[in-house]
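So this one's run_30.txt, compact mmCIF, C-alpha atoms:
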```txt
# COMPACT_ATOMS: atom_id res chain seq x y z
CA MET A 25 68.19 106.43 155.06
CA SER A 26 71.72 106.11 156.32
CA ASP A 27 74.62 106.72 153.93
CA TRP A 28 75.83 103.16 154.50
CA VAL A 29 75.21 101.00 151.43
CA PRO A 30 74.85 97.43 152.69
CA SER A 31 77.26 94.98 151.14
CA GLU A 32 75.96 92.48 148.63
CA ASN A 33 77.93 89.83 150.49
CA ASN A 34 77.18 89.32 154.13
CA PRO A 35 80.37 89.07 156.15
CA ASN A 36 80.65 85.54 157.43
CA ASP A 37 80.29 84.66 161.08
CA LEU A 38 84.03 84.24 161.47
CA SER A 39 84.67 87.82 160.28
CA LEU A 40 82.03 89.18 162.64
CA THR A 41 83.40 87.20 165.56
CA THR A 42 86.94 88.36 164.75
CA MET A 43 85.79 91.96 164.49
CA GLU A 44 83.94 91.69 167.79
CA GLU A 45 87.03 90.24 169.49
CA MET A 46 89.30 92.96 168.11
CA LEU A 47 86.93 95.70 169.21
CA SER A 48 86.64 94.15 172.68
CA ASP A 49 90.43 93.86 172.96
CA VAL A 50 91.03 97.47 171.96
CA LEU A 51 88.31 98.85 174.24
CA GLN A 52 89.65 96.82 177.15
CA GLU A 53 93.29 97.66 176.49
CA GLN A 54 92.92 101.34 175.65
CA ALA A 55 89.85 102.44 177.59
CA PHE A 56 89.51 99.78 180.34
CA MET A 57 85.97 99.04 179.12
CA PHE A 58 84.36 95.64 178.74
CA SER A 59 81.95 94.60 176.01
CA GLU A 60 79.60 91.70 175.33
CA ASN A 61 77.39 90.70 172.43
CA ARG A 62 73.83 91.68 173.29
CA GLY A 63 72.29 88.83 171.25
CA ASP A 64 68.84 89.35 169.76
CA GLY A 65 67.12 90.91 172.76
CA GLU A 66 65.70 94.41 172.46
CA ILE A 67 67.29 97.28 174.27
CA ALA A 68 66.09 100.85 174.38
CA PRO A 69 68.34 103.28 172.49
CA PRO A 70 70.27 105.67 174.67
CA ASP A 71 69.64 109.40 174.31
CA PRO A 72 70.96 111.08 171.14
CA PRO A 73 73.22 112.29 169.68
CA TYR A 74 75.33 109.38 168.45
CA HIS A 75 78.82 109.48 166.94
CA TYR A 76 79.29 107.47 163.77
CA ALA A 77 82.90 106.69 162.86
CA ARG A 78 83.67 104.88 159.60
CA ILE A 79 86.69 103.73 157.65
CA GLU A 80 87.21 101.88 154.38
CA PHE A 81 89.94 99.43 153.47
CA ASP A 82 91.21 98.27 150.11
CA GLY A 83 93.57 95.43 149.21
CA PRO A 84 93.11 91.74 148.41
CA CYS A 85 89.50 92.45 149.38
CA SER A 86 87.83 95.74 150.13
CA GLY A 87 85.29 96.69 152.71
CA ARG A 88 84.24 99.15 155.35
CA LEU A 89 83.91 99.26 159.04
CA GLY A 90 81.70 101.52 161.15
CA LEU A 91 81.26 102.12 164.85
CA ILE A 92 78.40 104.10 166.37
CA PHE A 93 78.71 105.24 169.97
CA PRO A 94 76.05 107.03 172.02
CA GLN A 95 77.06 110.36 173.53
CA SER A 96 76.51 108.92 177.01
CA LEU A 97 79.34 106.44 176.49
CA VAL A 98 81.70 108.41 174.34
CA SER A 99 82.81 110.92 176.98
CA GLU A 100 83.74 108.19 179.44
CA LEU A 101 85.46 106.22 176.70
CA ILE A 102 87.65 109.14 175.70
CA ALA A 103 88.36 110.20 179.28
CA ASN A 104 89.63 106.67 179.91
CA MET A 105 91.67 106.57 176.70
CA LEU A 106 93.37 109.90 177.32
CA GLY A 107 93.52 109.93 181.10
CA MET A 108 91.44 113.14 181.19
CA GLU A 109 88.45 114.26 183.22
CA VAL A 110 85.12 113.98 181.36
CA GLU A 111 84.44 117.72 181.80
CA ASP A 112 87.75 118.58 180.10
CA ILE A 113 86.89 116.77 176.86
CA GLU A 114 86.23 119.05 173.90
CA LYS A 115 84.20 118.32 170.79
CA GLU A 116 87.29 117.90 168.60
CA ASP A 117 88.68 115.37 171.10
CA ILE A 118 85.66 113.13 170.43
CA SER A 119 86.18 113.08 166.69
CA ASP A 120 89.95 112.61 166.96
CA ALA A 121 89.70 109.81 169.54
CA LEU A 122 87.01 107.88 167.64
CA LYS A 123 89.02 108.10 164.41
CA GLU A 124 92.10 106.77 166.19
CA LEU A 125 90.10 104.00 167.87
CA LEU A 126 88.55 102.91 164.57
CA ASN A 127 91.91 103.01 162.81
CA VAL A 128 93.42 100.71 165.44
CA VAL A 129 90.45 98.33 165.45
CA CYS A 130 90.49 98.11 161.65
CA GLY A 131 94.25 97.42 161.54
CA LYS A 132 93.95 94.64 164.11
CA PHE A 133 90.90 93.19 162.38
CA LEU A 134 92.62 92.99 158.98
CA VAL A 135 95.65 91.16 160.38
CA ALA A 136 93.48 88.82 162.46
CA ALA A 137 91.05 88.08 159.63
CA PHE A 138 93.40 87.89 156.63
CA GLY A 139 96.85 87.26 158.15
CA PRO A 140 99.93 89.49 158.38
CA ARG A 141 101.21 88.92 154.84
CA LEU A 142 98.44 90.78 153.03
CA LYS A 143 98.70 94.54 152.60
CA PHE A 144 95.67 96.82 152.82
CA ASP A 145 95.28 100.57 152.37
CA LEU A 146 93.07 102.28 154.92
CA SER A 147 91.09 105.43 154.18
CA ILE A 148 91.17 108.43 156.49
CA PRO A 149 88.40 107.76 159.05
CA THR A 150 85.44 110.12 159.27
CA VAL A 151 83.17 110.89 162.23
CA THR A 152 79.68 112.37 161.96
CA GLU A 153 76.99 113.05 164.51
CA ILE A 154 73.70 111.26 163.83
CA ASP A 155 70.21 111.39 165.34
CA LEU A 156 67.83 108.77 166.71
CA ALA A 157 66.19 108.01 163.35
CA GLN A 158 69.62 107.36 161.79
CA TRP A 159 70.64 105.20 164.78
CA GLU A 160 67.50 103.09 164.30
CA GLN A 161 68.14 102.87 160.55
CA HIS A 162 71.69 101.64 161.06
CA LYS A 163 70.56 99.23 163.77
CA SER A 164 68.03 97.65 161.41
CA GLU A 165 70.57 97.05 158.62
CA ARG A 166 71.72 93.49 158.16
CA ASP A 167 75.43 94.16 158.49
CA THR A 168 75.04 95.83 161.88
CA THR A 169 75.77 94.09 165.18
CA THR A 170 74.97 95.49 168.61
CA LEU A 171 77.43 95.17 171.44
CA LEU A 172 76.97 96.21 175.02
CA VAL A 173 79.90 98.25 176.26
CA GLU A 174 79.64 99.00 179.98
CA ASP A 175 75.91 98.23 179.59
CA GLU A 176 75.47 100.84 176.82
CA PRO A 177 74.66 99.73 173.25
CA VAL A 178 77.29 100.31 170.57
CA LEU A 179 76.64 99.45 166.93
CA PHE A 180 79.33 98.05 164.71
CA LYS A 181 79.02 97.60 160.99
CA LEU A 182 81.18 95.42 158.82
CA GLY A 183 80.79 95.29 155.05
CA LEU A 184 83.02 93.05 152.95
CA MET B 16 121.35 108.35 181.05
CA SER B 17 117.86 109.57 180.17
CA TYR B 18 116.55 110.24 176.69
CA ASN B 19 114.57 112.84 174.76
CA VAL B 20 111.94 111.32 172.47
CA LEU B 21 109.97 113.01 169.68
CA VAL B 22 106.48 111.62 169.03
CA VAL B 23 105.05 112.50 165.58
CA ASP B 24 101.36 111.88 164.86
CA ASP B 25 98.56 114.01 163.44
CA SER B 26 96.12 112.57 165.97
CA LYS B 27 96.15 114.32 169.34
CA THR B 28 94.72 111.12 170.84
CA ALA B 29 97.54 109.01 169.44
CA ARG B 30 100.17 111.50 170.67
CA MET B 31 98.69 111.65 174.16
CA MET B 32 98.39 107.87 174.41
CA LEU B 33 101.96 107.28 173.27
CA VAL B 34 103.34 109.94 175.62
CA LYS B 35 101.45 108.25 178.47
CA THR B 36 102.75 104.83 177.39
CA LEU B 37 106.34 106.10 177.26
CA ARG B 38 106.00 107.63 180.72
CA VAL B 39 104.77 104.40 182.32
CA SER B 40 107.07 102.09 180.34
CA GLY B 41 109.94 102.26 182.81
CA LEU B 42 112.23 103.82 180.20
CA LYS B 43 114.56 106.57 181.38
CA ILE B 44 112.78 109.40 179.60
CA ASN B 45 113.88 112.97 180.15
CA GLU B 46 111.48 114.83 177.88
CA VAL B 47 108.86 113.80 175.30
CA PHE B 48 108.36 116.34 172.51
CA THR B 49 105.38 116.08 170.15
CA ALA B 50 104.79 117.15 166.54
CA GLU B 51 101.71 117.00 164.32
CA ASN B 52 103.42 116.04 161.05
CA GLY B 53 106.79 115.48 159.43
CA ALA B 54 107.40 119.15 158.66
CA HIS B 55 106.70 120.17 162.25
CA ALA B 56 108.98 117.35 163.43
CA LEU B 57 111.87 118.58 161.25
CA GLU B 58 111.50 122.05 162.81
CA MET B 59 111.60 120.54 166.28
CA LEU B 60 114.67 118.49 165.40
CA ARG B 61 116.55 121.68 164.55
CA GLU B 62 115.58 123.32 167.84
CA ASN B 63 115.91 120.45 170.33
CA TRP B 64 118.23 117.61 171.22
CA ILE B 65 116.33 114.44 170.31
CA ASP B 66 117.63 110.88 170.80
CA LEU B 67 114.84 108.97 169.09
CA ILE B 68 111.76 109.58 166.93
CA ILE B 69 108.56 107.54 167.02
CA THR B 70 106.40 108.48 164.05
CA ASP B 71 103.11 107.66 162.39
CA LEU B 72 103.16 107.16 158.61
CA HIS B 73 100.05 108.83 157.22
CA MET B 74 99.91 112.51 158.13
CA PRO B 75 98.85 115.65 156.29
CA VAL B 76 101.45 118.28 155.22
CA MET B 77 104.36 115.80 155.41
CA SER B 78 104.11 112.02 155.90
CA GLY B 79 106.38 109.94 158.10
CA MET B 80 108.17 108.52 155.04
CA GLU B 81 108.79 111.98 153.54
CA MET B 82 110.23 113.06 156.87
CA VAL B 83 112.56 110.04 156.95
CA GLU B 84 113.72 110.78 153.39
CA LYS B 85 114.52 114.39 154.29
CA MET B 86 116.39 113.24 157.39
CA ALA B 87 118.42 110.78 155.32
CA ALA B 88 119.56 113.64 153.08
CA ASP B 89 120.64 115.73 156.07
CA GLY B 90 124.09 115.00 157.47
CA LEU B 91 123.12 115.84 161.05
CA LEU B 92 119.84 113.95 161.12
CA SER B 93 120.66 110.91 159.02
CA THR B 94 121.81 108.75 161.94
CA LEU B 95 118.91 109.58 164.26
CA PRO B 96 116.95 106.38 164.95
CA VAL B 97 113.33 106.33 163.75
CA ILE B 98 110.64 103.88 164.87
CA VAL B 99 107.33 103.75 163.01
CA ILE B 100 104.07 103.31 164.91
CA SER B 101 101.01 102.41 162.88
CA SER B 102 97.81 100.42 162.90
CA ASP B 103 98.86 98.94 159.55
CA ALA B 104 100.61 95.78 160.71
CA SER B 105 101.04 93.85 157.46
CA GLN B 106 104.41 92.15 157.06
CA GLN B 107 104.75 93.59 153.56
CA ARG B 108 104.49 97.14 154.92
CA ILE B 109 106.97 96.39 157.70
CA ASP B 110 109.47 94.90 155.21
CA GLU B 111 109.15 98.01 153.00
CA LEU B 112 109.88 100.26 155.96
CA HIS B 113 113.01 98.36 156.97
CA GLY B 114 114.21 98.94 153.43
CA HIS B 115 113.89 102.68 154.01
CA GLY B 116 116.11 102.70 157.08
CA ILE B 117 113.37 102.54 159.70
CA ARG B 118 114.88 100.90 162.78
CA ASP B 119 111.77 99.17 164.11
CA TYR B 120 108.01 99.05 163.95
CA LEU B 121 105.34 99.27 166.65
CA CYS B 122 101.78 98.13 165.94
CA LYS B 123 98.95 100.03 167.57
CA PRO B 124 97.74 99.53 170.21
CA VAL B 125 101.16 99.35 171.79
CA ARG B 126 101.85 98.09 175.31
CA PRO B 127 104.39 99.82 177.58
CA GLU B 128 106.57 96.70 177.80
CA ARG B 129 106.79 96.48 174.00
CA VAL B 130 107.78 100.16 173.72
CA LYS B 131 110.45 99.63 176.39
CA GLU B 132 111.85 96.57 174.64
CA VAL B 133 112.08 98.26 171.23
CA VAL B 134 113.41 101.62 172.45
CA GLU B 135 116.00 100.07 174.75
CA SER B 136 117.27 97.73 172.06
CA ILE B 137 117.95 100.72 169.81
CA LEU B 138 119.26 103.29 172.27
CA GLU B 139 121.41 100.93 174.30
CA ALA B 140 123.03 99.60 171.14
CA ALA B 141 123.88 103.15 170.00
CA PRO B 142 127.58 104.06 170.12
```

For this file, write the structure as structure tokens.
Amino acid sequence: MSDWVPSENNPNDLSLTTMEEMLSDVLQEQAFMFSENRGDGEIAPPDPPYHYARIEFDGPCSGRLGLIFPQSLVSELIANMLGMEVEDIEKEDISDALKELLNVVCGKFLVAAFGPRLKFDLSIPTVTEIDLAQWEQHKSERDTTTLLVEDEPVLFKLGL
Amino acid sequence: MSYNVLVVDDSKTARMMLVKTLRVSGLKINEVFTAENGAHALEMLRENWIDLIITDLHMPVMSGMEMVEKMAADGLLSTLPVIVISSDASQQRIDELHGHGIRDYLCKPVRPERVKEVVESILEAAP
């Protein structure tokens, strides 16, 4: 089982679309990467490990947001974000960069979804490494959406 | 005239990205110093000539707001302009910060042209 407790309320389509747009914007703007919704078609999981970043927010409504990147994508993502060579990226860079990315995506999502007048408190993001069984578990949960980023699957989870 | 800027953020990624953004913004930047938290920033302010600070809010050891409060109580540092950069873009938060003497607010992710506009408006208006 993953440690993600699915929300009793499914986020509505508008929230998911907003989240997807914010993630796409940030990836494009900060890492020069393009994403698309993969729809319902099956796609083989990339090789493990996977990096699971999550953050919680609290305010007029509370919720959580998670992003799960495969290792194969994460090095290129961070190299692009930081202007570094892939071989120069260290393990702590991965965690730090994914936390920062998630923080930015969450901030943009909250303003886009709820407007600029509402104030939310964000938790400190966490990043953990997960294996194939955990990837599959997350992927099967109802609040998970799969995006293709540079043709690699990325899972995002939104619980409201 | 070129300027020395101090970037304060506990995230190495955020620091590196902002330094890169400042460098490509077209601003006349002499040197960009970096600090990991408010306490580290205060040390750097005593050792270096800084024209402007761009700081995150939530940091371990000393937050951005604690740093601003300590600067306000210090005769030499109280007039140094501070810009906050954060992913928290709610209007309520921004209004609170202006009440604490923060000169302006940048929402992450920040574009080079936005950084240039905000920094120039502050530094070129300085006496």

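Closest approach to chain A from the set B:Ser136, B:Ser105, B:Asn52, B:Thr94 is made by B:Ser105, with distances taken over all atoms listed in the file.
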
Rank B:Arg61, B:Arg129, B:His55, B:Ile117 by their smallest atom-to-atom distance to Val83 (chain B), using all atoms listed in the file, and report the top residue only.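 Among B:Arg61, B:Arg129, B:His55, B:Ile117, it is B:Ile117 that comes nearest to Val83 (chain B).
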
May I have the residues of chain B within 10 Å of chain A, counting all atoms listed in the file, written as a list of chain:residue names?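 For chain B, the answer reads B:Asp25, B:Ser26, B:Lys27, B:Thr28, B:Ala29, B:Arg30, B:Met31, B:Met32, B:Leu33, B:Lys35, B:His73, B:Met74, B:Ser101, B:Ser102, B:Asp103, B:Ala104, B:Ser105, B:Gln106, B:Gln107, B:Arg108, B:Ile109, B:Cys122, B:Lys123, B:Pro124, B:Val125, B:Arg126.
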
Would you mind listing what lies within 6 Å of Pro127 (chain B) as a list in words, with all atoms listed in the file counted and same-chain residues fewer than 2 positions away left out? Thr36, Ser40, Arg129 and Val130 of chain B

Identify which of the residues A:Leu179, A:Ala77, A:Ala103, A:Leu172 lies closest to Glu153 (chain A), counting all atoms listed in the file when measuring atom-to-atom distances.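 The shortest atom-to-atom distance to Glu153 (chain A) comes from A:Ala77.
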
Spatial neighbours of region 87-93 of chain B, 10 Å, only C-alpha atoms, chain gap at least 5 places, as a list of chain:residue names: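 Answer for this query is B:Leu57, B:Leu60, B:Arg61, B:Ile65, B:Glu81, B:Met82, B:His115, B:Gly116.
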
Near Lys43 (chain B), within 8 Å and counting all atoms listed in the file, which residues show up once chain neighbours fewer than 4 positions away are dropped, as a ChimeraX atom specification? /B:16-18

Who sits within 12 Å of Glu160 (chain A), all atoms listed in the file, same chain under 3 positions skipped, as a ChimeraX atom specification: /A:25-26,67-70,72,74,92,154-157,163-165,168,170,177-179

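Taking CA of Leu182 (chain A) and CA of Arg78 (chain A) as the two end points, the separation is 9.8 Å.
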
Using only C-alpha atoms for the distances, tell me which of A:Val151, A:Cys85, A:Ala136, A:Ile113 is nearest to Ser99 (chain A).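 Ranking A:Val151, A:Cys85, A:Ala136, A:Ile113 by distance to Ser99 (chain A), first place goes to A:Ile113.
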
Mind pulling up the distance from CA of Arg166 (chain A) to CA of Ser86 (chain A)? 18.1 Å

Distance in Å - CA of Leu21 (chain B) versus CA of Ser147 (chain A): 25.6 Å
